[in-house]
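Enquirer: The structure is given below, and queries will be raised subsequently.
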Amino acid sequence: MAQPEDLLFSKEHEWVKLDGDSATIGITDYAQNALGDIVYVELPKAGSSIKQFSSVGVIESVKAVSNLFTPLSGEIVEVNAALENDPAAVNREPYGAGWLLKIRVSDPSEAQALLPPAEYEKIAAD
Amino acid sequence: MKRTALYDEHVRAGARMVPFADFEMPVQYAGILKEHDAVRHRAGLFDLSHMGQFRLTGDIVASWADTLTINAVGTMKPLQARYNLFCNESGGTHDDTIFYRLERDWLLVVNASNADKMWKHLNAHLPEAGVALENRHGRYALIAIQGPRSVEMLQPHVDVDLASMRYYFCAQGRVDGVPALIARTGYTGEDGFELFVEGQDAAVLWSALLRDHRGEGLEPCGLGARDVLRLEAGMPLYGHELTETITPVQAGLNWALKLNKPEFIGRDALARQLERDDYPRVAGLVMEGRAPAREGYAVSLDGRVVGQICSGSIAPSVGNKNVATALLERNAATLGTAVAVQIRGTLHDAKVVPLPFYKRAQ
């Protein structure tokens with residue numbers, strides 16, 4: 001699957017959609033495919049502060065527990081509560097209904113450490 | 001790393017390959033949950049060629065094997081299969097296996113991860129005469145078809161009547177013309193068959209079964225689905241519910257322990273353990289919430305750690321709840337006990353329930 005053009009990516013296979021100082025975060029199609037059937041997502045509470053590239057939650061597939069890293073620092077505005085009952089949405093629509101976090105970005109310059117779609121494509125193609 | 005005779009088939013089908021007991025094995029094809037669903041409702045095809053296969057021949061195979069195992073070998077009828085366990089002197093489990101009594105000889109199937117250990121164990125206890133061993137590990141293939149539609153899918157390919165074959169019995173026959181041992185055995189909690197064939201015949205058979213029955217819902221399945229299926233069905237997996245320190249009695253396999261047999265390795269220790277009844281034992285847990293319990297997580301009761309998780313998974317056949325097995329102190333293992341599983345520093349409620357979690361409709 002080609003990566004959506006309006007997103008930035010981390011090497012840890014998260015995507016970010018920036019809209020002013022707010023950002024929506026999820027995992028990539030490559031990541032959901034590599035994880036397999038996702039059965040549980042554990043996300044931080046709204047209001048908490050998170051630091052770029054730190055572990056902020058857990059995504060569990062049938063076989064494995066994986067850490068979720070945030071591609072940007074900021075304050076959690078909202079987590080995707082629908083995933084509690086439907087974690088498989090991350091598999092079905094990783095760039096849509098399967099989004100994970102919305103944050104208020106604390107340092108927009110951090111985005112320079114992220115990858116544009118074409119460069120992420122190279123990592124995901126490995 | 002070793003490969004089974006079906007390696008190329010797996011790779012061509014896009015399976016995800018992982019190292020398992022020295023073999024590169026498919027952990028999944030289309031996805032663990034989809035494969036699980038196929039086995040519970042239609043049928044799934046498994047490559048189990050990594051499992052150890054030993055051929056036992058000689059006049060005293062049965063009486064000799066009865067000195068090394070806890071279940072009875074000598075009472076097996078021709079063409080019968082039987083689950084059996086080898087223990088150490090302390091009663092801990094060396095391996096859990098299946099014996100097949102054939103017309104002239106015996107087949108012993110051992111866990112892949114224990115194949116070398118078991119080969120040494122058998123040879124170390126070999127009598128001077130009357131038993132000969134042949135190691136077929138890696139040379140013979142094992143293909144399992146498991147699921148409620150196994151009979152109808154496999155029947156057109158074989159020259160024996162499958163419907164009349166009893167569960168845990170077998171027959172020598174042909175599958176698509178290829179000589180095979182056809183056994184009504186498996187480890188998924190469903191009806192099904194296991195086909196033992198020469199490695200060179202495996203790929204043709206595998207592709208023929210898939211080609212003819214994919215349209216009816218036959219799915220190639222990996223080790224991931226197999227693990228969920230066997231856990232739901234309450235079947236132990238060596239290294240989890242059974243180890244060199246976890247005895248068959250602790251794993252709830254008392255039905256397989258025949259104390260009326262003459263002397264066998266581990267007998268005294270197991271008899272004492274059964275008598276005292278004070279041992280930690282494997283119990284079933286159902287999580288109240290959505291967080292999965294995983295191997296090694298601590299289980300507590302009233303704030304005190306009383307055991308740990310052996311295996312855990314989401315269980316599609318148990319209402320999509322998270323289930324687990326745990327080795328628990330005797331009192332904590334009582335049915336209905338409310339315990340807590342420690343997951344990343346937080347306690348999650350769980351309840352002790354009977355095993356198996358899932359039983360197929362007969």
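Chain labels follow the order of the structure tokens: the first chain is A, the next B, and so on; residue numbering restarts at 1 in every chain, and ligands are counted from 1 in their shown order.
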With only C-alpha atoms as the counted atoms, please give the residues lying no more than 12 Å from B:Tyr238, apart from itself and same-chain residues fewer than 5 positions off, as a list in words.

Expert: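 Neighbouring residues, sequence-local ones excluded: Ala21, Leu85, Phe86, Gly92, Thr93, His94, Asp95, Asp96, Thr97, Val110, Asn111, Ala112, Ser113, Asn114, Ala115, Asp227, Arg230, Leu231, Thr243, Glu244, Thr245, Ile246, Thr247, Pro248, Ala251, Cys310 and Ser311 of chain B.
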
Enquirer: May I ask you to extract the residues of chain A within 8 Å of chain B, using only C-alpha atoms, and to give them as a list of chain:residue names?

Expert: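 Listing them in order of chain and number gives A:Gly36, A:Asp37, A:Val39, A:Tyr40, A:Val62, A:Lys63, A:Glu84.
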
Enquirer: Could you give me, as a list in words, the residues within 7 Å of stretch 89-95 of chain A, counting only C-alpha atoms and dropping anything in the same chain fewer than 6 positions from it?

Expert: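 Here the qualifying residues turn out to be Gly26, Ile27, Thr28, Asp29, Gln32, Asp37, Ile38 and Leu83 of chain A.
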
Enquirer: Now that the selection is made, can you save its residues with N, CA and C atoms as an mmCIF file, in the first residue's frame?

Expert:
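Generated file (part14.cif):
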data_model
loop_
_atom_site.group_PDB
_atom_site.id
_atom_site.type_symbol
_atom_site.label_atom_id
_atom_site.label_comp_id
_atom_site.auth_asym_id
_atom_site.auth_seq_id
_atom_site.Cartn_x
_atom_site.Cartn_y
_atom_site.Cartn_z
ATOM 1 N N GLY A 26 -0.993 7.435 14.510
ATOM 2 C CA GLY A 26 -1.402 6.039 14.367
ATOM 3 C C GLY A 26 -0.209 5.192 13.989
ATOM 4 N N ILE A 27 -0.439 3.917 13.695
ATOM 5 C CA ILE A 27 0.650 3.086 13.170
ATOM 6 C C ILE A 27 0.392 2.835 11.692
ATOM 7 N N THR A 28 1.453 2.527 10.967
ATOM 8 C CA THR A 28 1.347 2.427 9.509
ATOM 9 C C THR A 28 0.732 1.097 9.084
ATOM 10 N N ASP A 29 0.371 1.040 7.821
ATOM 11 C CA ASP A 29 -0.161 -0.201 7.260
ATOM 12 C C ASP A 29 0.889 -1.308 7.355
ATOM 13 N N GLN A 32 0.830 -2.571 11.025
ATOM 14 C CA GLN A 32 -0.315 -3.416 11.396
ATOM 15 C C GLN A 32 -0.213 -4.785 10.747
ATOM 16 N N ASP A 37 -3.113 -9.904 13.647
ATOM 17 C CA ASP A 37 -4.400 -9.556 14.259
ATOM 18 C C ASP A 37 -4.209 -8.840 15.597
ATOM 19 N N ILE A 38 -4.632 -7.583 15.651
ATOM 20 C CA ILE A 38 -4.478 -6.798 16.881
ATOM 21 C C ILE A 38 -5.678 -7.046 17.791
ATOM 22 N N LEU A 83 -11.347 1.852 20.053
ATOM 23 C CA LEU A 83 -10.444 0.705 19.913
ATOM 24 C C LEU A 83 -10.574 -0.278 21.071
#

Enquirer: Can you tell me, as a PyMOL selection string, what residues are no more than 8 Å from A:Ile76 when counting only C-alpha atoms, ignoring any on the same chain fewer than 2 positions away?

Expert: chain A and resi 44-50+74+78-79+101-104

Enquirer: Identify, on the basis of only C-alpha atoms, every residue whose closest approach to A:Val56 does not exceed 8 Å; exclude the query and any residue fewer than 2 positions from it along the same chain; express the result as a list in words.

Expert: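 Returned residues: Leu43, Pro44, Ile50, Ser54, Val58, Asn67, Leu68, Phe69 and Thr70 of chain A.
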
Enquirer: Restrict the selected residues to N, CA and C atoms and save them as a PDB file, in the first residue's frame.

Expert:
ATOM      1  N   LEU A  43      -3.604   2.694  25.766  1.00  0.00           N
ATOM      2  CA  LEU A  43      -3.180   4.059  25.436  1.00  0.00           C
ATOM      3  C   LEU A  43      -3.106   4.916  26.695  1.00  0.00           C
ATOM      4  N   PRO A  44      -2.312   6.003  26.659  1.00  0.00           N
ATOM      5  CA  PRO A  44      -2.204   6.874  27.838  1.00  0.00           C
ATOM      6  C   PRO A  44      -3.495   7.661  28.058  1.00  0.00           C
ATOM      7  N   ILE A  50       3.531  13.634  26.786  1.00  0.00           N
ATOM      8  CA  ILE A  50       4.382  12.572  26.251  1.00  0.00           C
ATOM      9  C   ILE A  50       5.549  13.183  25.497  1.00  0.00           C
ATOM     10  N   SER A  54       9.340   8.345  22.940  1.00  0.00           N
ATOM     11  CA  SER A  54       9.230   7.530  24.158  1.00  0.00           C
ATOM     12  C   SER A  54       8.051   6.572  24.008  1.00  0.00           C
ATOM     13  N   VAL A  58       0.828   0.387  24.459  1.00  0.00           N
ATOM     14  CA  VAL A  58       1.122  -0.980  24.062  1.00  0.00           C
ATOM     15  C   VAL A  58       0.101  -1.433  23.032  1.00  0.00           C
ATOM     16  N   ASN A  67       5.527  -2.161  21.907  1.00  0.00           N
ATOM     17  CA  ASN A  67       5.414  -0.809  22.432  1.00  0.00           C
ATOM     18  C   ASN A  67       4.977   0.155  21.345  1.00  0.00           C
ATOM     19  N   LEU A  68       4.194   1.141  21.760  1.00  0.00           N
ATOM     20  CA  LEU A  68       3.840   2.247  20.866  1.00  0.00           C
ATOM     21  C   LEU A  68       4.711   3.436  21.252  1.00  0.00           C
ATOM     22  N   PHE A  69       5.409   4.016  20.267  1.00  0.00           N
ATOM     23  CA  PHE A  69       6.249   5.182  20.510  1.00  0.00           C
ATOM     24  C   PHE A  69       5.595   6.398  19.884  1.00  0.00           C
ATOM     25  N   THR A  70       5.668   7.533  20.578  1.00  0.00           N
ATOM     26  CA  THR A  70       5.066   8.724  19.983  1.00  0.00           C
ATOM     27  C   THR A  70       6.090   9.423  19.089  1.00  0.00           C
TER      28      THR A  70
END

Enquirer: I'd like the interatomic distance between atom CA of B:Gly199 and atom CA of B:Val151, to a tenth of an Å.

Expert: 23.2 Å

Enquirer: Which of chain A end up as helix (DSSP H, G or I) when DSSP is run on this backbone - answer as a list in words?

Expert: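 The helix (DSSP H, G or I) residues within chain A come out as Asp29, Tyr30, Ala31, Gln32, Asn33, Ala34, Leu35, Ala81, Ala82, Leu83, Glu84, Ala89, Val90, Asn91, Arg92, Pro108, Ser109, Glu110, Ala111, Gln112, Ala113, Pro117, Ala118, Glu119, Tyr120, Glu121, Lys122, Ile123 and Ala124 of chain A.
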
Enquirer: When DSSP works through the backbone of this structure, what residues of stretch 242-289 of chain B end up as strand (DSSP E), shown as an NGL selection string?

Expert: :B and (281-287)

Enquirer: Give me, as a list in words, all polymer residues having an atom no more than 8 Å from B:Ser90, counting only C-alpha atoms and skipping those fewer than 6 positions away in the same chain.

Expert: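 Answer for this query is Gly266, Ala269 and Leu270 of chain B.
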
Enquirer: Could you pull the residues within 7 Å of B:Phe357, counting only C-alpha atoms, minus those fewer than 6 positions along the same chain, as a PyMOL selection string?

Expert: chain B and resi 232-234+318

Enquirer: Between A:Leu18, A:Lys11, A:Gln3, A:Ala31, which has the minimum distance to A:Ile123 (counting only C-alpha atoms)?

Expert: A:Lys11
